[in-house]
file entry31.pdb (PDB, C-alpha atoms (C1' of nucleotides))
ATOM      1  CA  MET A   1      94.998  98.330 103.980
ATOM      2  CA  ARG A   2      95.890  99.519 107.437
ATOM      3  CA  ARG A   3      99.461  98.938 108.553
ATOM      4  CA  ASP A   4     100.064 100.003 112.121
ATOM      5  CA  VAL A   5     101.250  98.351 115.336
ATOM      6  CA  PHE A   6      97.730  97.545 116.462
ATOM      7  CA  GLN A   7      96.992  95.745 113.216
ATOM      8  CA  GLY A   8     100.330  93.958 113.599
ATOM      9  CA  ILE A   9      99.550  92.519 117.020
ATOM     10  CA  ALA A  10      95.895  91.729 116.234
ATOM     11  CA  ASP A  11      96.614  88.164 115.115
ATOM     12  CA  PRO A  12      97.581  85.570 117.779
ATOM     13  CA  THR A  13     100.107  83.854 115.501
ATOM     14  CA  ARG A  14     101.833  87.182 114.895
ATOM     15  CA  ARG A  15     101.960  87.854 118.627
ATOM     16  CA  ALA A  16     103.600  84.456 119.075
ATOM     17  CA  ILE A  17     106.113  85.262 116.326
ATOM     18  CA  ILE A  18     106.876  88.571 118.027
ATOM     19  CA  ALA A  19     107.469  86.787 121.319
ATOM     20  CA  LEU A  20     109.780  84.297 119.601
ATOM     21  CA  ILE A  21     112.012  86.757 117.776
ATOM     22  CA  ALA A  22     112.090  89.138 120.733
ATOM     23  CA  VAL A  23     114.485  86.712 122.405
ATOM     24  CA  GLN A  24     116.688  86.080 119.382
ATOM     25  CA  ALA A  25     116.714  86.648 115.626
ATOM     26  CA  MET A  26     115.311  83.704 113.657
ATOM     27  CA  THR A  27     114.859  82.559 110.062
ATOM     28  CA  PRO A  28     111.350  82.023 108.618
ATOM     29  CA  ASN A  29     111.918  78.263 108.560
ATOM     30  CA  ALA A  30     112.973  78.185 112.200
ATOM     31  CA  ILE A  31     109.956  80.294 113.154
ATOM     32  CA  ALA A  32     107.560  78.085 111.167
ATOM     33  CA  ASP A  33     108.829  75.010 113.046
ATOM     34  CA  ASN A  34     107.122  76.393 116.131
ATOM     35  CA  PHE A  35     103.670  76.509 114.551
ATOM     36  CA  ASN A  36     101.153  74.249 112.871
ATOM     37  CA  THR A  37     100.983  76.417 109.774
ATOM     38  CA  SER A  38     103.057  76.341 106.597
ATOM     39  CA  ARG A  39     106.274  78.284 106.116
ATOM     40  CA  GLN A  40     104.497  80.414 103.522
ATOM     41  CA  ALA A  41     101.827  81.447 106.004
ATOM     42  CA  VAL A  42     104.552  82.524 108.432
ATOM     43  CA  SER A  43     106.234  84.357 105.565
ATOM     44  CA  LYS A  44     103.017  86.297 104.994
ATOM     45  CA  HIS A  45     102.844  87.247 108.668
ATOM     46  CA  LEU A  46     106.466  88.391 108.534
ATOM     47  CA  ARG A  47     105.607  90.512 105.523
ATOM     48  CA  ILE A  48     102.775  92.190 107.421
ATOM     49  CA  LEU A  49     104.980  92.670 110.483
ATOM     50  CA  THR A  50     107.634  94.240 108.258
ATOM     51  CA  GLU A  51     105.072  96.595 106.723
ATOM     52  CA  CYS A  52     104.049  97.552 110.256
ATOM     53  CA  GLU A  53     107.764  98.172 110.955
ATOM     54  CA  LEU A  54     107.560  95.799 113.904
ATOM     55  CA  VAL A  55     110.298  93.599 112.486
ATOM     56  CA  LYS A  56     113.663  94.032 110.794
ATOM     57  CA  GLN A  57     115.583  91.654 108.528
ATOM     58  CA  GLU A  58     119.236  90.766 108.276
ATOM     59  CA  GLN A  59     120.387  88.732 105.280
ATOM     60  CA  GLN A  60     123.072  86.137 105.924
ATOM     61  CA  GLY A  61     123.867  84.164 102.802
ATOM     62  CA  ARG A  62     120.585  82.724 101.623
ATOM     63  CA  GLU A  63     119.108  82.881 105.106
ATOM     64  CA  ILE A  64     117.229  85.900 106.411
ATOM     65  CA  TYR A  65     117.192  86.550 110.137
ATOM     66  CA  TYR A  66     114.158  88.376 111.482
ATOM     67  CA  SER A  67     114.251  90.260 114.764
ATOM     68  CA  LEU A  68     111.894  92.479 116.717
ATOM     69  CA  GLU A  69     111.923  96.256 116.332
ATOM     70  CA  ILE A  70     111.438  96.818 120.039
ATOM     71  CA  ASP A  71     111.060 100.592 119.684
ATOM     72  CA  LYS A  72     107.835 100.064 117.741
ATOM     73  CA  MET A  73     106.407  98.181 120.716
ATOM     74  CA  LYS A  74     106.774 101.355 122.748
ATOM     75  CA  GLU A  75     104.026 102.902 120.630
ATOM     76  CA  ILE A  76     101.554 100.543 122.280
ATOM     77  CA  ASP A  77     102.949 101.488 125.661
ATOM     78  CA  GLN A  78     102.520 105.173 124.848
ATOM     79  CA  TRP A  79      98.929 104.647 123.772
ATOM     80  CA  LEU A  80      98.247 102.773 127.018
ATOM     81  CA  GLU A  81      99.745 105.603 129.073
ATOM     82  CA  ALA A  82      96.497 107.629 129.170
ATOM     83  CA  PHE A  83      94.492 104.612 130.330
ATOM     84  CA  ARG A  84      97.095 103.594 132.856
ATOM     85  CA  ALA A  85      96.548 106.977 134.445
ATOM     86  CA  ILE A  86      92.853 106.116 134.797
ATOM     87  CA  TRP A  87      93.279 102.762 136.493
ATOM     88  CA  GLU A  88      96.014 104.040 138.779
ATOM     89  CA  ASN A  89      93.713 106.832 139.848
ATOM     90  CA  GLN A  90      90.969 104.285 140.552
ATOM     91  CA  PHE A  91      93.425 102.332 142.664
ATOM     92  CA  LYS A  92      94.310 105.447 144.637
ATOM     93  CA  GLN A  93      90.630 106.147 145.253
ATOM     94  CA  LEU A  94      90.094 102.570 146.427
ATOM     95  CA  ASP A  95      93.120 102.938 148.658
ATOM     96  CA  THR A  96      91.647 106.081 150.187
ATOM     97  CA  ILE A  97      88.359 104.294 150.848
ATOM     98  CA  LEU A  98      90.114 101.372 152.516
ATOM     99  CA  HIS A  99      92.191 103.762 154.579
ATOM    100  CA  THR A 100      89.085 105.626 155.723
ATOM    101  CA  LEU A 101      87.331 102.362 156.625
ATOM    102  CA  LYS A 102      90.339 101.273 158.660
ATOM    103  CA  LYS A 103      90.450 104.613 160.422
ATOM    104  CA  ASN A 104      86.770 104.477 161.351
ATOM    105  CA  LYS A 105      87.186 100.958 162.709
ATOM    106  CA  LYS A 106      89.665 102.078 165.332
TER     107      LYS A 106
ATOM    108  CA  MET B   1      85.675  84.792 114.987
ATOM    109  CA  ARG B   2      88.309  85.949 117.398
ATOM    110  CA  ARG B   3      87.115  88.117 120.277
ATOM    111  CA  ASP B   4      89.976  89.348 122.439
ATOM    112  CA  VAL B   5      91.375  92.708 123.528
ATOM    113  CA  PHE B   6      93.857  92.827 120.667
ATOM    114  CA  GLN B   7      91.092  92.327 118.120
ATOM    115  CA  GLY B   8      89.085  94.989 119.926
ATOM    116  CA  ILE B   9      91.749  97.673 119.660
ATOM    117  CA  ALA B  10      92.797  96.746 116.096
ATOM    118  CA  ASP B  11      90.424  99.217 114.451
ATOM    119  CA  PRO B  12      91.214 102.965 114.699
ATOM    120  CA  THR B  13      87.546 103.918 115.091
ATOM    121  CA  ARG B  14      87.203 101.500 117.989
ATOM    122  CA  ARG B  15      90.305 102.959 119.638
ATOM    123  CA  ALA B  16      88.732 106.399 119.303
ATOM    124  CA  ILE B  17      85.496 105.106 120.836
ATOM    125  CA  ILE B  18      87.472 103.603 123.706
ATOM    126  CA  ALA B  19      89.224 106.923 124.291
ATOM    127  CA  LEU B  20      85.870 108.733 124.286
ATOM    128  CA  ILE B  21      84.044 106.530 126.754
ATOM    129  CA  ALA B  22      87.078 106.191 128.988
ATOM    130  CA  VAL B  23      86.394 109.742 130.159
ATOM    131  CA  GLN B  24      82.650 109.360 130.626
ATOM    132  CA  ALA B  25      79.842 106.959 129.738
ATOM    133  CA  MET B  26      78.078 107.822 126.473
ATOM    134  CA  THR B  27      75.110 106.723 124.390
ATOM    135  CA  PRO B  28      75.622 105.311 120.857
ATOM    136  CA  ASN B  29      74.097 108.452 119.335
ATOM    137  CA  ALA B  30      76.411 110.735 121.276
ATOM    138  CA  ILE B  31      79.399 108.615 120.280
ATOM    139  CA  ALA B  32      78.383 108.588 116.611
ATOM    140  CA  ASP B  33      78.231 112.391 116.606
ATOM    141  CA  ASN B  34      82.015 112.367 116.928
ATOM    142  CA  PHE B  35      82.602 110.365 113.742
ATOM    143  CA  ASN B  36      81.869 110.491 110.039
ATOM    144  CA  THR B  37      80.203 107.090 110.058
ATOM    145  CA  SER B  38      76.595 106.134 110.635
ATOM    146  CA  ARG B  39      75.125 105.369 114.033
ATOM    147  CA  GLN B  40      74.690 101.748 112.946
ATOM    148  CA  ALA B  41      78.373 101.410 112.175
ATOM    149  CA  VAL B  42      79.197 102.689 115.668
ATOM    150  CA  SER B  43      76.627 100.261 117.048
ATOM    151  CA  LYS B  44      78.476  97.422 115.324
ATOM    152  CA  HIS B  45      81.769  98.531 116.854
ATOM    153  CA  LEU B  46      80.129  98.690 120.274
ATOM    154  CA  ARG B  47      78.846  95.159 119.742
ATOM    155  CA  ILE B  48      82.370  93.929 118.980
ATOM    156  CA  LEU B  49      83.799  95.841 121.953
ATOM    157  CA  THR B  50      81.129  94.266 124.155
ATOM    158  CA  GLU B  51      82.004  90.795 122.868
ATOM    159  CA  CYS B  52      85.649  91.554 123.677
ATOM    160  CA  GLU B  53      84.436  92.588 127.160
ATOM    161  CA  LEU B  54      86.131  95.938 126.715
ATOM    162  CA  VAL B  55      82.883  97.810 127.274
ATOM    163  CA  LYS B  56      79.930  97.623 129.651
ATOM    164  CA  GLN B  57      76.377  98.945 129.210
ATOM    165  CA  GLU B  58      73.993 100.660 131.565
ATOM    166  CA  GLN B  59      70.389 101.058 130.479
ATOM    167  CA  GLN B  60      68.667 104.283 131.458
ATOM    168  CA  GLY B  61      65.160 104.459 130.063
ATOM    169  CA  ARG B  62      65.501 104.000 126.317
ATOM    170  CA  GLU B  63      69.062 105.219 126.348
ATOM    171  CA  ILE B  64      72.033 102.920 126.850
ATOM    172  CA  TYR B  65      75.205 104.326 128.339
ATOM    173  CA  TYR B  66      78.429 102.630 127.311
ATOM    174  CA  SER B  67      81.578 102.884 129.396
ATOM    175  CA  LEU B  68      85.059 101.397 129.304
ATOM    176  CA  GLU B  69      85.913  98.209 131.159
ATOM    177  CA  ILE B  70      89.282  99.543 132.266
ATOM    178  CA  ASP B  71      90.384  96.246 133.819
ATOM    179  CA  LYS B  72      90.371  94.650 130.369
ATOM    180  CA  MET B  73      92.897  97.236 129.204
ATOM    181  CA  LYS B  74      95.293  95.893 131.811
ATOM    182  CA  GLU B  75      95.544  92.706 129.765
ATOM    183  CA  ILE B  76      97.405  94.652 127.102
ATOM    184  CA  ASP B  77      99.629  96.107 129.774
ATOM    185  CA  GLN B  78     100.375  92.637 131.101
ATOM    186  CA  TRP B  79     101.253  91.372 127.638
ATOM    187  CA  LEU B  80     103.598  94.330 127.166
ATOM    188  CA  GLU B  81     105.304  93.606 130.469
ATOM    189  CA  ALA B  82     107.730  91.056 128.992
ATOM    190  CA  PHE B  83     108.762  93.417 126.211
ATOM    191  CA  ARG B  84     109.070  96.358 128.549
ATOM    192  CA  ALA B  85     111.679  94.318 130.383
ATOM    193  CA  ILE B  86     113.635  94.053 127.135
ATOM    194  CA  TRP B  87     113.719  97.722 126.262
ATOM    195  CA  GLU B  88     114.469  98.741 129.826
ATOM    196  CA  ASN B  89     117.387  96.350 129.804
ATOM    197  CA  GLN B  90     118.596  97.884 126.538
ATOM    198  CA  PHE B  91     118.366 101.295 128.147
ATOM    199  CA  LYS B  92     120.429 100.108 131.106
ATOM    200  CA  GLN B  93     123.078  98.710 128.776
ATOM    201  CA  LEU B  94     123.198 101.997 126.874
ATOM    202  CA  ASP B  95     123.478 103.771 130.180
ATOM    203  CA  THR B  96     126.426 101.581 131.134
ATOM    204  CA  ILE B  97     128.138 102.322 127.833
ATOM    205  CA  LEU B  98     127.646 106.059 128.260
ATOM    206  CA  HIS B  99     128.902 105.813 131.827
ATOM    207  CA  THR B 100     132.037 103.954 130.688
ATOM    208  CA  LEU B 101     132.675 106.500 127.919
ATOM    209  CA  LYS B 102     132.374 109.329 130.420
ATOM    210  CA  LYS B 103     134.727 107.559 132.811
ATOM    211  CA  ASN B 104     137.375 106.997 130.121
ATOM    212  CA  LYS B 105     137.182 110.636 129.090
ATOM    213  CA  LYS B 106     138.281 111.836 132.504
TER     214      LYS B 106
ATOM    215  C1'  DT C   1      46.404 107.400 121.521
ATOM    216  C1'  DA C   2      49.421 108.940 117.816
ATOM    217  C1'  DT C   3      53.987 110.359 116.894
ATOM    218  C1'  DA C   4      58.911 110.898 117.584
ATOM    219  C1'  DT C   5      63.306 109.198 119.467
ATOM    220  C1'  DT C   6      66.804 105.717 120.639
ATOM    221  C1'  DT C   7      68.486 101.603 119.749
ATOM    222  C1'  DG C   8      69.709  96.782 117.928
ATOM    223  C1'  DC C   9      69.591  93.606 114.206
ATOM    224  C1'  DA C  10      69.344  91.554 109.561
ATOM    225  C1'  DA C  11      70.563  91.705 104.742
ATOM    226  C1'  DC C  12      73.655  93.118 101.529
ATOM    227  C1'  DC C  13      78.291  94.565  99.501
ATOM    228  C1'  DA C  14      83.241  95.434  98.482
ATOM    229  C1'  DT C  15      87.519  94.576 100.643
ATOM    230  C1'  DT C  16      90.794  92.347 103.644
ATOM    231  C1'  DC C  17      92.577  88.272 106.196
ATOM    232  C1'  DG C  18      94.746  84.057 106.839
ATOM    233  C1'  DG C  19      95.565  80.057 104.855
ATOM    234  C1'  DT C  20      96.866  76.867 100.938
ATOM    235  C1'  DT C  21      99.356  75.251  96.637
ATOM    236  C1'  DT C  22     102.436  76.334  93.049
ATOM    237  C1'  DC C  23     106.233  78.522  91.131
ATOM    238  C1'  DA C  24     110.685  81.257  90.494
ATOM    239  C1'  DC C  25     115.064  82.506  92.016
ATOM    240  C1'  DA C  26     119.250  82.903  94.590
ATOM    241  C1'  DA C  27     122.665  80.522  97.247
ATOM    242  C1'  DC C  28     124.905  76.668  99.121
ATOM    243  C1'  DT C  29     126.886  71.721  98.324
ATOM    244  C1'  DA C  30     128.017  67.083  96.316
TER     245       DA C  30
ATOM    246  C1'  DT D   1     127.752  71.334  86.952
ATOM    247  C1'  DA D   2     123.583  69.197  88.958
ATOM    248  C1'  DG D   3     120.854  68.929  92.774
ATOM    249  C1'  DT D   4     119.319  70.625  97.264
ATOM    250  C1'  DT D   5     117.900  74.281 100.415
ATOM    251  C1'  DG D   6     115.879  78.845 101.952
ATOM    252  C1'  DT D   7     113.036  82.240 100.633
ATOM    253  C1'  DG D   8     109.401  85.489  98.551
ATOM    254  C1'  DA D   9     105.521  86.146  95.549
ATOM    255  C1'  DA D  10     101.419  85.039  92.888
ATOM    256  C1'  DA D  11      96.922  82.834  92.373
ATOM    257  C1'  DC D  12      93.218  81.094  94.585
ATOM    258  C1'  DC D  13      89.674  80.236  98.424
ATOM    259  C1'  DG D  14      86.468  80.586 102.398
ATOM    260  C1'  DA D  15      85.654  83.529 106.191
ATOM    261  C1'  DA D  16      85.724  87.890 108.571
ATOM    262  C1'  DT D  17      85.654  93.088 108.468
ATOM    263  C1'  DG D  18      83.628  97.495 108.128
ATOM    264  C1'  DG D  19      80.400  99.909 106.007
ATOM    265  C1'  DT D  20      75.597 100.786 104.152
ATOM    266  C1'  DT D  21      70.248 100.763 104.062
ATOM    267  C1'  DG D  22      65.966  99.250 105.890
ATOM    268  C1'  DC D  23      63.236  97.611 109.534
ATOM    269  C1'  DA D  24      61.335  96.339 114.212
ATOM    270  C1'  DA D  25      60.846  97.130 119.094
ATOM    271  C1'  DA D  26      60.840  99.769 123.171
ATOM    272  C1'  DT D  27      60.484 104.144 125.449
ATOM    273  C1'  DA D  28      59.333 109.045 125.678
ATOM    274  C1'  DT D  29      56.256 112.880 124.440
ATOM    275  C1'  DA D  30      52.346 115.604 122.225
TER     276       DA D  30
END
call {"tool": "encode", "arguments": {"input": "entry31.pdb", "output": "structure tokens"}}
result
Amino acid sequence: MRRDVFQGIADPTRRAIIALIAVQAMTPNAIADNFNTSRQAVSKHLRILTECELVKQEQQGREIYYSLEIDKMKEIDQWLEAFRAIWENQFKQLDTILHTLKKNKK
Amino acid sequence: MRRDVFQGIADPTRRAIIALIAVQAMTPNAIADNFNTSRQAVSKHLRILTECELVKQEQQGREIYYSLEIDKMKEIDQWLEAFRAIWENQFKQLDTILHTLKKNKK
DNA sequence: TATATTTGCAACCATTCGGTTTCACAACTA
DNA sequence: TAGTTGTGAAACCGAATGGTTGCAAATATA
């Protein structure tokens, strides 16, 4: 099975988990309280997120605190970089058109 | 079934297709030439990408040219925005630490 | 008109996904 | 020590995924 960032963020529940633990580290139970699914389902998502290296654990007694591996999120940003160049270029072209229109109006 | 941008970019073949047609519009056959899979498999991916509104079609005789709906890619960028704030803040904090270390050294 | 090309769609298949219930185990606590 | 709490893992299930082959329809070409 595929285990990369894009697979990690594909599921909406996982994206919500990511958003939660980005703010502060949380235990599986605490995370599960925020959703309509069982703790075990959340546990499965955490397992997948761990395999994708999007999440890190910190044991504290019998509790395990999960937190976001923010560096991994940068991979998405890097992938987007090429496309960002495209839409920024389109914006520049639009800007040029608007500028020309304005100029001709005068 | 879920049909959003994140589902669209979850598959590596689809990401490759997106990268291809971002540069220029292409027909399914032309796209399939770049992969080891069948034309029909590519066609299925294009169907999913269309349902995710990541791709638009333009009929030209019996050929159909597919191109990227770049605006949809911005949705990913917008989602990343919140997390970008986090890692930029971390960078600033690191910068402050380095600055303090440098200052103390003098 | 007869044939070839481009494409989408349906049927099928093995695998994965996302969820559930059940269980085992370690660590707190009375 | 006995019982409670926090957690992961296994077994199971229906649905979705990603691929294949075969076919039908529309357009181009001889």
call {"tool": "residues_around", "arguments": {"input": "entry31.pdb", "residues": "DT6 in chain C", "least_positions_apart": "4", "cutoff": "12 Å", "atoms": "only C-alpha atoms (C1' of nucleotides)", "output": "PDB file with C-alpha atoms (C1' of nucleotides), in the coordinates of the input"}}
result
ATOM      1  CA  THR B  27      75.110 106.723 124.390  1.00  0.00           C
ATOM      2  CA  PRO B  28      75.622 105.311 120.857  1.00  0.00           C
ATOM      3  CA  ASN B  29      74.097 108.452 119.335  1.00  0.00           C
ATOM      4  CA  ALA B  30      76.411 110.735 121.276  1.00  0.00           C
ATOM      5  CA  ARG B  39      75.125 105.369 114.033  1.00  0.00           C
ATOM      6  CA  GLN B  40      74.690 101.748 112.946  1.00  0.00           C
ATOM      7  CA  SER B  43      76.627 100.261 117.048  1.00  0.00           C
ATOM      8  CA  GLN B  59      70.389 101.058 130.479  1.00  0.00           C
ATOM      9  CA  GLN B  60      68.667 104.283 131.458  1.00  0.00           C
ATOM     10  CA  GLY B  61      65.160 104.459 130.063  1.00  0.00           C
ATOM     11  CA  ARG B  62      65.501 104.000 126.317  1.00  0.00           C
ATOM     12  CA  GLU B  63      69.062 105.219 126.348  1.00  0.00           C
ATOM     13  CA  ILE B  64      72.033 102.920 126.850  1.00  0.00           C
ATOM     14  CA  TYR B  65      75.205 104.326 128.339  1.00  0.00           C
TER      15      TYR B  65
ATOM     16  C1'  DA D  25      60.846  97.130 119.094  1.00  0.00           C
ATOM     17  C1'  DA D  26      60.840  99.769 123.171  1.00  0.00           C
ATOM     18  C1'  DT D  27      60.484 104.144 125.449  1.00  0.00           C
ATOM     19  C1'  DA D  28      59.333 109.045 125.678  1.00  0.00           C
TER      20       DA D  28
END
call {"tool": "resolve_selection", "arguments": {"input": "entry31.pdb", "expression": "the PyMOL selection byres ((chain C) within 9 of (chain B))", "output": "PyMOL selection string"}}
result
chain C and resi 5-8
call {"tool": "closest_residue", "arguments": {"input": "entry31.pdb", "among": "A:Glu51, A:Ser67, A:Met1, A:Asn36", "to": "Ala19 in chain A", "atoms": "only C-alpha atoms"}}
result
A:Ser67
call {"tool": "atom_distance", "arguments": {"input": "entry31.pdb", "atom1": "CA of Trp87 in chain A", "atom2": "CA of Gln78 in chain B"}}
result
13.5 Å
call {"tool": "calpha_fit_and_write", "arguments": {"input": "entry31.pdb", "fixed": "chain A", "moving": "chain B", "output": "mmCIF file with C-alpha atoms, keeping the file's coordinate frame"}}
result
data_model
loop_
_atom_site.group_PDB
_atom_site.id
_atom_site.type_symbol
_atom_site.label_atom_id
_atom_site.label_comp_id
_atom_site.auth_asym_id
_atom_site.auth_seq_id
_atom_site.Cartn_x
_atom_site.Cartn_y
_atom_site.Cartn_z
ATOM 1 C CA MET B 1 95.029 98.408 104.007
ATOM 2 C CA ARG B 2 95.913 99.560 107.468
ATOM 3 C CA ARG B 3 99.497 98.965 108.572
ATOM 4 C CA ASP B 4 100.088 99.999 112.171
ATOM 5 C CA VAL B 5 101.266 98.327 115.373
ATOM 6 C CA PHE B 6 97.735 97.513 116.483
ATOM 7 C CA GLN B 7 97.017 95.727 113.215
ATOM 8 C CA GLY B 8 100.334 93.927 113.587
ATOM 9 C CA ILE B 9 99.563 92.480 117.005
ATOM 10 C CA ALA B 10 95.902 91.687 116.210
ATOM 11 C CA ASP B 11 96.622 88.129 115.085
ATOM 12 C CA PRO B 12 97.575 85.522 117.736
ATOM 13 C CA THR B 13 100.112 83.830 115.451
ATOM 14 C CA ARG B 14 101.828 87.156 114.854
ATOM 15 C CA ARG B 15 101.958 87.816 118.598
ATOM 16 C CA ALA B 16 103.596 84.418 119.030
ATOM 17 C CA ILE B 17 106.106 85.241 116.288
ATOM 18 C CA ILE B 18 106.867 88.544 117.994
ATOM 19 C CA ALA B 19 107.448 86.751 121.293
ATOM 20 C CA LEU B 20 109.773 84.268 119.575
ATOM 21 C CA ILE B 21 111.996 86.739 117.777
ATOM 22 C CA ALA B 22 112.062 89.113 120.722
ATOM 23 C CA VAL B 23 114.459 86.687 122.399
ATOM 24 C CA GLN B 24 116.677 86.072 119.385
ATOM 25 C CA ALA B 25 116.700 86.649 115.629
ATOM 26 C CA MET B 26 115.314 83.715 113.632
ATOM 27 C CA THR B 27 114.883 82.584 110.041
ATOM 28 C CA PRO B 28 111.377 82.026 108.580
ATOM 29 C CA ASN B 29 111.957 78.262 108.514
ATOM 30 C CA ALA B 30 112.991 78.175 112.155
ATOM 31 C CA ILE B 31 109.969 80.269 113.101
ATOM 32 C CA ALA B 32 107.592 78.065 111.105
ATOM 33 C CA ASP B 33 108.858 74.990 112.957
ATOM 34 C CA ASN B 34 107.116 76.351 116.045
ATOM 35 C CA PHE B 35 103.661 76.466 114.448
ATOM 36 C CA ASN B 36 101.156 74.210 112.744
ATOM 37 C CA THR B 37 100.983 76.409 109.665
ATOM 38 C CA SER B 38 103.037 76.350 106.496
ATOM 39 C CA ARG B 39 106.258 78.272 106.025
ATOM 40 C CA GLN B 40 104.494 80.451 103.452
ATOM 41 C CA ALA B 41 101.842 81.461 105.946
ATOM 42 C CA VAL B 42 104.572 82.518 108.384
ATOM 43 C CA SER B 43 106.255 84.371 105.531
ATOM 44 C CA LYS B 44 103.031 86.305 104.969
ATOM 45 C CA HIS B 45 102.858 87.241 108.644
ATOM 46 C CA LEU B 46 106.475 88.387 108.526
ATOM 47 C CA ARG B 47 105.624 90.520 105.506
ATOM 48 C CA ILE B 48 102.784 92.195 107.414
ATOM 49 C CA LEU B 49 104.982 92.665 110.493
ATOM 50 C CA THR B 50 107.635 94.236 108.267
ATOM 51 C CA GLU B 51 105.071 96.599 106.745
ATOM 52 C CA CYS B 52 104.032 97.547 110.286
ATOM 53 C CA GLU B 53 107.749 98.162 110.981
ATOM 54 C CA LEU B 54 107.554 95.791 113.919
ATOM 55 C CA VAL B 55 110.289 93.586 112.498
ATOM 56 C CA LYS B 56 113.663 94.056 110.825
ATOM 57 C CA GLN B 57 115.596 91.673 108.555
ATOM 58 C CA GLU B 58 119.249 90.796 108.313
ATOM 59 C CA GLN B 59 120.409 88.796 105.316
ATOM 60 C CA GLN B 60 123.097 86.206 105.940
ATOM 61 C CA GLY B 61 123.892 84.252 102.806
ATOM 62 C CA ARG B 62 120.606 82.772 101.635
ATOM 63 C CA GLU B 63 119.140 82.924 105.099
ATOM 64 C CA ILE B 64 117.256 85.935 106.420
ATOM 65 C CA TYR B 65 117.207 86.576 110.140
ATOM 66 C CA TYR B 66 114.168 88.390 111.484
ATOM 67 C CA SER B 67 114.241 90.250 114.779
ATOM 68 C CA LEU B 68 111.874 92.465 116.735
ATOM 69 C CA GLU B 69 111.895 96.231 116.352
ATOM 70 C CA ILE B 70 111.417 96.792 120.069
ATOM 71 C CA ASP B 71 111.034 100.565 119.729
ATOM 72 C CA LYS B 72 107.813 100.033 117.783
ATOM 73 C CA MET B 73 106.372 98.154 120.752
ATOM 74 C CA LYS B 74 106.755 101.322 122.790
ATOM 75 C CA GLU B 75 104.007 102.870 120.677
ATOM 76 C CA ILE B 76 101.531 100.513 122.306
ATOM 77 C CA ASP B 77 102.931 101.436 125.681
ATOM 78 C CA GLN B 78 102.503 105.119 124.897
ATOM 79 C CA TRP B 79 98.906 104.594 123.824
ATOM 80 C CA LEU B 80 98.226 102.723 127.065
ATOM 81 C CA GLU B 81 99.715 105.548 129.101
ATOM 82 C CA ALA B 82 96.474 107.560 129.225
ATOM 83 C CA PHE B 83 94.470 104.554 130.375
ATOM 84 C CA ARG B 84 97.078 103.527 132.897
ATOM 85 C CA ALA B 85 96.519 106.914 134.493
ATOM 86 C CA ILE B 86 92.838 106.040 134.862
ATOM 87 C CA TRP B 87 93.252 102.694 136.553
ATOM 88 C CA GLU B 88 95.995 103.972 138.820
ATOM 89 C CA ASN B 89 93.696 106.767 139.884
ATOM 90 C CA GLN B 90 90.957 104.221 140.589
ATOM 91 C CA PHE B 91 93.418 102.275 142.694
ATOM 92 C CA LYS B 92 94.303 105.400 144.662
ATOM 93 C CA GLN B 93 90.630 106.120 145.286
ATOM 94 C CA LEU B 94 90.090 102.552 146.477
ATOM 95 C CA ASP B 95 93.114 102.950 148.681
ATOM 96 C CA THR B 96 91.633 106.103 150.186
ATOM 97 C CA ILE B 97 88.354 104.325 150.867
ATOM 98 C CA LEU B 98 90.120 101.423 152.554
ATOM 99 C CA HIS B 99 92.204 103.865 154.567
ATOM 100 C CA THR B 100 89.073 105.723 155.719
ATOM 101 C CA LEU B 101 87.344 102.454 156.657
ATOM 102 C CA LYS B 102 90.366 101.413 158.690
ATOM 103 C CA LYS B 103 90.467 104.796 160.403
ATOM 104 C CA ASN B 104 86.771 104.664 161.345
ATOM 105 C CA LYS B 105 87.195 101.172 162.750
ATOM 106 C CA LYS B 106 89.694 102.337 165.340
#
call {"tool": "axis_aligned_box", "arguments": {"input": "entry31.pdb", "around": "range 13-22 of chain C", "padding_each_side": "8 Å", "output": "AutoDock Vina command-line options"}}
result
--center_x 90.4 --center_y 85.3 --center_z 99.9 --size_x 40.1 --size_y 36.2 --size_z 29.8
call {"tool": "residues_around", "arguments": {"input": "entry31.pdb", "residues": "range 12-14 of chain C", "least_positions_apart": "6", "cutoff": "9 Å", "atoms": "all atoms listed in the file", "output": "ChimeraX atom specification"}}
result
/D:19-21
